[in-house]
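Asks: What follows is data-v6.pdb, PDB, C-alpha atoms, pLDDT in the B column.
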```
ATOM      1  CA  MET I   1       3.801   8.446  11.886  1.00 57.00           C
ATOM      2  CA  PHE I   2       6.417   5.737  12.389  1.00 71.00           C
ATOM      3  CA  LYS I   3       3.862   3.083  13.325  1.00 78.00           C
ATOM      4  CA  ASP I   4       2.749   2.770   9.703  1.00 83.00           C
ATOM      5  CA  LEU I   5       4.760   0.016   7.991  1.00 88.00           C
ATOM      6  CA  SER I   6       4.735   1.756   4.619  1.00 87.00           C
ATOM      7  CA  MET I   7       6.153   4.936   6.188  1.00 89.00           C
ATOM      8  CA  ARG I   8       8.921   2.961   7.908  1.00 91.00           C
ATOM      9  CA  ILE I   9       9.770   1.249   4.613  1.00 92.00           C
ATOM     10  CA  PHE I  10       9.909   4.620   2.864  1.00 94.00           C
ATOM     11  CA  LEU I  11      12.143   6.099   5.574  1.00 94.00           C
ATOM     12  CA  GLY I  12      14.463   3.093   5.226  1.00 94.00           C
ATOM     13  CA  HIS I  13      14.531   3.659   1.457  1.00 95.00           C
ATOM     14  CA  LEU I  14      15.305   7.348   2.004  1.00 96.00           C
ATOM     15  CA  ALA I  15      18.061   6.609   4.545  1.00 96.00           C
ATOM     16  CA  ALA I  16      19.665   4.055   2.205  1.00 96.00           C
ATOM     17  CA  TYR I  17      19.476   6.581  -0.649  1.00 96.00           C
ATOM     18  CA  VAL I  18      21.238   9.280   1.374  1.00 97.00           C
ATOM     19  CA  ALA I  19      23.885   6.902   2.749  1.00 97.00           C
ATOM     20  CA  VAL I  20      24.712   5.242  -0.579  1.00 96.00           C
ATOM     21  CA  THR I  21      24.773   8.571  -2.418  1.00 96.00           C
ATOM     22  CA  LEU I  22      27.184  10.014   0.152  1.00 97.00           C
ATOM     23  CA  ILE I  23      29.395   6.919  -0.101  1.00 97.00           C
ATOM     24  CA  CYS I  24      29.343   7.133  -3.916  1.00 96.00           C
ATOM     25  CA  ALA I  25      30.224  10.822  -3.768  1.00 96.00           C
ATOM     26  CA  ALA I  26      33.131  10.135  -1.399  1.00 97.00           C
ATOM     27  CA  VAL I  27      34.460   7.265  -3.532  1.00 97.00           C
ATOM     28  CA  ASN I  28      34.087   9.304  -6.729  1.00 95.00           C
ATOM     29  CA  LEU I  29      35.794  12.386  -5.333  1.00 96.00           C
ATOM     30  CA  TRP I  30      38.581  10.333  -3.758  1.00 96.00           C
ATOM     31  CA  LEU I  31      39.420   7.989  -6.664  1.00 96.00           C
ATOM     32  CA  THR I  32      38.448   9.949  -9.809  1.00 94.00           C
ATOM     33  CA  PRO I  33      37.885  13.608  -8.978  1.00 93.00           C
ATOM     34  CA  GLY I  34      38.173  14.606 -12.652  1.00 93.00           C
ATOM     35  CA  THR I  35      35.169  12.498 -13.706  1.00 92.00           C
ATOM     36  CA  LEU I  36      32.008  13.072 -11.734  1.00 92.00           C
ATOM     37  CA  TRP I  37      29.691  10.087 -11.927  1.00 93.00           C
ATOM     38  CA  TRP I  38      27.991  10.191  -8.519  1.00 93.00           C
ATOM     39  CA  PRO I  39      25.399  12.832  -9.597  1.00 94.00           C
ATOM     40  CA  TRP I  40      23.972  10.222 -11.977  1.00 92.00           C
ATOM     41  CA  VAL I  41      23.405   7.923  -8.987  1.00 92.00           C
ATOM     42  CA  LEU I  42      21.888  10.856  -7.111  1.00 95.00           C
ATOM     43  CA  MET I  43      19.453  11.654  -9.943  1.00 95.00           C
ATOM     44  CA  GLY I  44      18.577   8.088 -10.956  1.00 93.00           C
ATOM     45  CA  TRP I  45      17.908   6.774  -7.478  1.00 94.00           C
ATOM     46  CA  GLY I  46      16.350  10.117  -6.547  1.00 95.00           C
ATOM     47  CA  ILE I  47      13.625   9.456  -9.109  1.00 95.00           C
ATOM     48  CA  ALA I  48      12.880   6.135  -7.418  1.00 94.00           C
ATOM     49  CA  VAL I  49      12.728   7.781  -3.975  1.00 95.00           C
ATOM     50  CA  ALA I  50      10.491  10.582  -5.291  1.00 95.00           C
ATOM     51  CA  THR I  51       8.189   8.025  -6.931  1.00 94.00           C
ATOM     52  CA  HIS I  52       8.011   6.067  -3.680  1.00 93.00           C
ATOM     53  CA  ALA I  53       7.199   9.297  -1.803  1.00 93.00           C
ATOM     54  CA  LEU I  54       4.437  10.179  -4.274  1.00 92.00           C
ATOM     55  CA  ALA I  55       2.904   6.713  -3.991  1.00 90.00           C
ATOM     56  CA  LEU I  56       2.970   6.964  -0.196  1.00 90.00           C
ATOM     57  CA  LEU I  57       1.480  10.457  -0.229  1.00 88.00           C
ATOM     58  CA  LEU I  58      -1.358   9.430  -2.538  1.00 86.00           C
ATOM     59  CA  ARG I  59      -2.140   6.397  -0.399  1.00 85.00           C
ATOM     60  CA  VAL I  60      -2.086   7.929   3.073  1.00 83.00           C
ATOM     61  CA  THR I  61      -3.752  11.273   2.409  1.00 83.00           C
ATOM     62  CA  HIS I  62      -7.328  11.667   3.591  1.00 81.00           C
ATOM     63  CA  ARG I  63      -8.699  13.480   0.560  1.00 81.00           C
ATOM     64  CA  ARG I  64     -11.682  12.153  -1.367  1.00 82.00           C
ATOM     65  CA  GLU I  65     -10.737  12.881  -4.995  1.00 82.00           C
ATOM     66  CA  ARG I  66     -10.553   9.951  -7.392  1.00 78.00           C
ATOM     67  CA  ILE I  67      -6.774  10.111  -7.656  1.00 77.00           C
ATOM     68  CA  PHE I  68      -6.493   9.392  -3.931  1.00 82.00           C
ATOM     69  CA  ILE I  69      -9.158   6.735  -3.385  1.00 83.00           C
ATOM     70  CA  ASP I  70      -9.161   4.703  -6.612  1.00 86.00           C
ATOM     71  CA  LYS I  71      -6.232   2.271  -6.545  1.00 87.00           C
ATOM     72  CA  CYS I  72      -5.986   1.955 -10.352  1.00 89.00           C
ATOM     73  CA  THR I  73      -5.991   5.734 -10.869  1.00 88.00           C
ATOM     74  CA  ARG I  74      -3.454   6.171  -8.091  1.00 89.00           C
ATOM     75  CA  SER I  75      -1.113   3.571  -9.584  1.00 91.00           C
ATOM     76  CA  PHE I  76      -1.418   5.188 -13.025  1.00 93.00           C
ATOM     77  CA  THR I  77      -0.479   8.566 -11.513  1.00 92.00           C
ATOM     78  CA  VAL I  78       2.638   7.079  -9.926  1.00 94.00           C
ATOM     79  CA  HIS I  79       3.492   5.311 -13.198  1.00 95.00           C
ATOM     80  CA  LEU I  80       3.053   8.556 -15.169  1.00 96.00           C
ATOM     81  CA  PHE I  81       5.256  10.463 -12.699  1.00 96.00           C
ATOM     82  CA  ALA I  82       8.011   7.847 -12.968  1.00 96.00           C
ATOM     83  CA  TYR I  83       7.739   7.915 -16.769  1.00 96.00           C
ATOM     84  CA  ALA I  84       8.019  11.702 -16.978  1.00 96.00           C
ATOM     85  CA  ALA I  85      10.900  11.873 -14.498  1.00 96.00           C
ATOM     86  CA  VAL I  86      12.919   9.110 -16.177  1.00 96.00           C
ATOM     87  CA  VAL I  87      12.354  10.450 -19.694  1.00 96.00           C
ATOM     88  CA  LEU I  88      13.446  13.929 -18.579  1.00 96.00           C
ATOM     89  CA  LEU I  89      16.546  12.455 -16.932  1.00 96.00           C
ATOM     90  CA  LEU I  90      17.332  10.466 -20.073  1.00 95.00           C
ATOM     91  CA  LEU I  91      16.891  13.594 -22.187  1.00 96.00           C
ATOM     92  CA  PHE I  92      19.375  15.355 -19.922  1.00 95.00           C
ATOM     93  CA  VAL I  93      21.806  12.417 -20.184  1.00 94.00           C
ATOM     94  CA  ASN I  94      21.366  12.356 -23.961  1.00 95.00           C
ATOM     95  CA  LEU I  95      22.086  16.090 -24.233  1.00 95.00           C
ATOM     96  CA  THR I  96      25.149  15.978 -21.975  1.00 93.00           C
ATOM     97  CA  VAL I  97      26.780  12.676 -22.945  1.00 92.00           C
ATOM     98  CA  THR I  98      25.852  12.102 -26.607  1.00 93.00           C
ATOM     99  CA  PRO I  99      24.375  15.323 -27.985  1.00 94.00           C
ATOM    100  CA  LYS I 100      24.857  14.314 -31.637  1.00 96.00           C
ATOM    101  CA  VAL I 101      22.940  11.045 -31.356  1.00 95.00           C
ATOM    102  CA  TRP I 102      19.339  11.201 -30.191  1.00 94.00           C
ATOM    103  CA  TRP I 103      18.264   8.001 -28.460  1.00 95.00           C
ATOM    104  CA  PHE I 104      16.135   9.002 -25.428  1.00 95.00           C
ATOM    105  CA  TYR I 105      12.941   9.082 -27.510  1.00 94.00           C
ATOM    106  CA  TRP I 106      13.107   5.309 -28.089  1.00 95.00           C
ATOM    107  CA  VAL I 107      12.707   4.776 -24.365  1.00 94.00           C
ATOM    108  CA  ALA I 108       9.966   7.414 -24.278  1.00 96.00           C
ATOM    109  CA  LEU I 109       8.068   5.744 -27.138  1.00 96.00           C
ATOM    110  CA  GLY I 110       8.394   2.228 -25.747  1.00 95.00           C
ATOM    111  CA  TRP I 111       7.456   3.146 -22.206  1.00 95.00           C
ATOM    112  CA  GLY I 112       4.738   5.488 -23.466  1.00 95.00           C
ATOM    113  CA  ALA I 113       3.221   2.583 -25.389  1.00 96.00           C
ATOM    114  CA  GLY I 114       2.992   0.750 -22.070  1.00 93.00           C
ATOM    115  CA  LEU I 115       1.375   3.758 -20.425  1.00 95.00           C
ATOM    116  CA  ILE I 116      -1.496   3.809 -22.925  1.00 94.00           C
ATOM    117  CA  PRO I 117      -3.128   0.547 -21.734  1.00 94.00           C
ATOM    118  CA  HIS I 118      -2.530   1.593 -18.138  1.00 93.00           C
ATOM    119  CA  ALA I 119      -4.311   4.896 -18.787  1.00 93.00           C
ATOM    120  CA  TRP I 120      -7.143   3.028 -20.494  1.00 93.00           C
ATOM    121  CA  SER I 121      -7.583   0.734 -17.506  1.00 91.00           C
ATOM    122  CA  ALA I 122      -7.561   3.713 -15.133  1.00 89.00           C
ATOM    123  CA  PHE I 123      -9.813   6.114 -17.047  1.00 88.00           C
ATOM    124  CA  GLY I 124     -11.191   4.643 -20.260  1.00 85.00           C
ATOM    125  CA  ARG I 125     -13.320   1.690 -19.246  1.00 73.00           C
ATOM    126  CA  ARG I 126     -15.791   1.059 -16.480  1.00 69.00           C
ATOM    127  CA  ARG I 127     -14.580  -1.135 -13.686  1.00 59.00           C
ATOM    128  CA  PRO I 128     -16.768  -2.737 -11.034  1.00 62.00           C
ATOM    129  CA  GLY I 129     -16.394  -0.796  -7.809  1.00 59.00           C
ATOM    130  CA  ALA I 130     -14.650   2.143  -9.472  1.00 54.00           C
ATOM    131  CA  VAL I 131     -15.282   5.616  -8.187  1.00 55.00           C
ATOM    132  CA  PRO I 132     -17.765   7.468 -10.420  1.00 58.00           C
ATOM    133  CA  SER I 133     -16.433  10.503 -12.235  1.00 54.00           C
ATOM    134  CA  ALA I 134     -17.589  14.029 -11.418  1.00 54.00           C
ATOM    135  CA  THR I 135     -19.837  14.150 -14.513  1.00 54.00           C
ATOM    136  CA  GLU I 136     -21.464  10.844 -13.576  1.00 54.00           C
ATOM    137  CA  GLN I 137     -22.078  12.125 -10.046  1.00 55.00           C
ATOM    138  CA  THR I 138     -23.554  15.367 -11.393  1.00 55.00           C
ATOM    139  CA  GLN I 139     -25.830  13.483 -13.798  1.00 53.00           C
ATOM    140  CA  ALA I 140     -26.959  11.154 -11.039  1.00 52.00           C
ATOM    141  CA  SER I 141     -27.796  14.067  -8.752  1.00 55.00           C
ATOM    142  CA  ARG I 142     -29.771  15.860 -11.509  1.00 57.00           C
ATOM    143  CA  ALA I 143     -31.772  12.803 -12.536  1.00 54.00           C
ATOM    144  CA  PRO I 144     -35.298  12.818 -11.109  1.00 54.00           C
ATOM    145  CA  SER I 145     -35.770  10.213  -8.464  1.00 52.00           C
ATOM    146  CA  VAL I 146     -38.367   7.629  -9.339  1.00 51.00           C
ATOM    147  CA  LYS I 147     -40.169   6.307  -6.335  1.00 52.00           C
ATOM    148  CA  GLN I 148     -41.306   2.759  -6.824  1.00 53.00           C
ATOM    149  CA  GLU I 149     -44.410   1.690  -5.039  1.00 55.00           C
ATOM    150  CA  ALA I 150     -44.513  -1.578  -3.202  1.00 54.00           C
ATOM    151  CA  PRO I 151     -46.623  -4.236  -4.897  1.00 54.00           C
ATOM    152  CA  PRO I 152     -49.986  -4.743  -3.191  1.00 55.00           C
ATOM    153  CA  GLN I 153     -50.256  -7.815  -1.018  1.00 56.00           C
ATOM    154  CA  ALA I 154     -53.199 -10.124  -1.599  1.00 53.00           C
ATOM    155  CA  SER I 155     -53.727 -11.235   1.938  1.00 51.00           C
ATOM    156  CA  LYS I 156     -52.065 -10.018   5.097  1.00 52.00           C
ATOM    157  CA  SER I 157     -53.379 -12.816   7.257  1.00 51.00           C
ATOM    158  CA  LYS I 158     -51.153 -15.564   5.889  1.00 54.00           C
ATOM    159  CA  SER I 159     -47.684 -15.070   4.537  1.00 52.00           C
ATOM    160  CA  ALA I 160     -45.560 -17.552   2.697  1.00 52.00           C
ATOM    161  CA  PRO I 161     -43.110 -19.492   4.856  1.00 55.00           C
ATOM    162  CA  ARG I 162     -39.552 -18.224   4.714  1.00 56.00           C
ATOM    163  CA  ARG I 163     -36.830 -20.433   3.343  1.00 55.00           C
ATOM    164  CA  LYS I 164     -33.909 -21.318   5.466  1.00 56.00           C
ATOM    165  CA  GLY I 165     -30.571 -20.245   4.070  1.00 51.00           C
ATOM    166  CA  PRO I 166     -27.566 -22.560   3.988  1.00 57.00           C
ATOM    167  CA  GLY I 167     -26.035 -23.009   7.396  1.00 54.00           C
ATOM    168  CA  LYS I 168     -29.003 -21.501   9.245  1.00 51.00           C
ATOM    169  CA  SER I 169     -30.902 -23.574  11.747  1.00 53.00           C
ATOM    170  CA  SER I 170     -34.136 -22.788  13.567  1.00 47.00           C
TER     171      SER I 170
END
```
Please rewrite the model in this file as structure tokens.

Replies:
Amino acid sequence: MFKDLSMRIFLGHLAAYVAVTLICAAVNLWLTPGTLWWPWVLMGWGIAVATHALALLLRVTHRRERIFIDKCTRSFTVHLFAYAAVVLLLLFVNLTVTPKVWWFYWVALGWGAGLIPHAWSAFGRRRPGAVPSATEQTQASRAPSVKQEAPPQASKSKSAPRRKGPGKSS
């Protein structure tokens, strides 16, 4: 488990998150106990740690669904998770800090506009080497197989000489 570099990086990220959040909580409660600001650090950085954990989970799992094996689909899933988590956090901040002025939706619209091309690249267009969808696999399995016959050879006694490929010697 700890031999994998990506797992060690994630555990370092998690340890830094816990340590810095505890330090922020101690500083906040010691210097300004009337104003709690450390939960914002906890939630904001927590989204980054959760996104990192999701990306790691999707990459190291041994399942065969498209979301796990197609890199573009996997990255879109992580991007969508980060988008949803941040927009929900910003909605919460908007409701608690400035409830009379709605501003979180500007971030949601701007970031959502960036998600649309990412979704298109993950699901909307064909990519070389992409994993076929379930409907494409079903259609391919239902299609009758056409067996092609080999072309008849004129003479089996003499065959054409083979060409030598580049870098091959006889």

Asks: For Gly12 (chain I), which of I:Val49, I:Cys24, I:Ile67, I:Val41 is the closest residue, counting all atoms listed in the file?

Replies: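 Looking only at the distances to Gly12 (chain I), the closest residue turns out to be I:Val49.
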
Asks: Please measure the separation of CA of Val78 (chain I) and CA of Thr96 (chain I), giving the value in Å to one decimal.

Replies: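 Those two atoms sit 27.0 Å apart.
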
Asks: Which residues would end up in the selection if the PyMOL selection byres ((chain I and resi 72) around 10) were applied here, given that I need the answer as an MDAnalysis selection string?

Replies: chainID I and resid 66:71 73:77 118:119 121:123 127 130

Asks: Just the residues within 12 Å of Leu80 (chain I), please, counting all atoms listed in the file, with nothing from its chain fewer than 6 positions along; format it as a VMD selection string.

Replies: chain I and resid 51 54 to 55 73 to 74 86 to 87 108 111 to 116 118 to 119 122

Asks: Quick one: residues within 8 Å of region 100-106 of chain I, all atoms listed in the file counted, chain neighbours fewer than 5 positions away excluded, as number ranges by chain?

Replies: I: 87, 90-91, 94

Asks: Separation of CA of His13 (chain I) and CA of Gly44 (chain I), in Å?

Replies: 13.8 Å

Asks: Between CA of Ile23 (chain I) and CA of Tyr83 (chain I), what is the distance, to one decimal in Å?

Replies: 27.3 Å

Asks: Within 8 Å of Leu56 (chain I), counting only C-alpha atoms, which residues show up once you throw out same-chain ones fewer than 4 positions away? Write them as a list in words, please.

Replies: Ser6, Met7, Phe10, His52 and Val60 of chain I
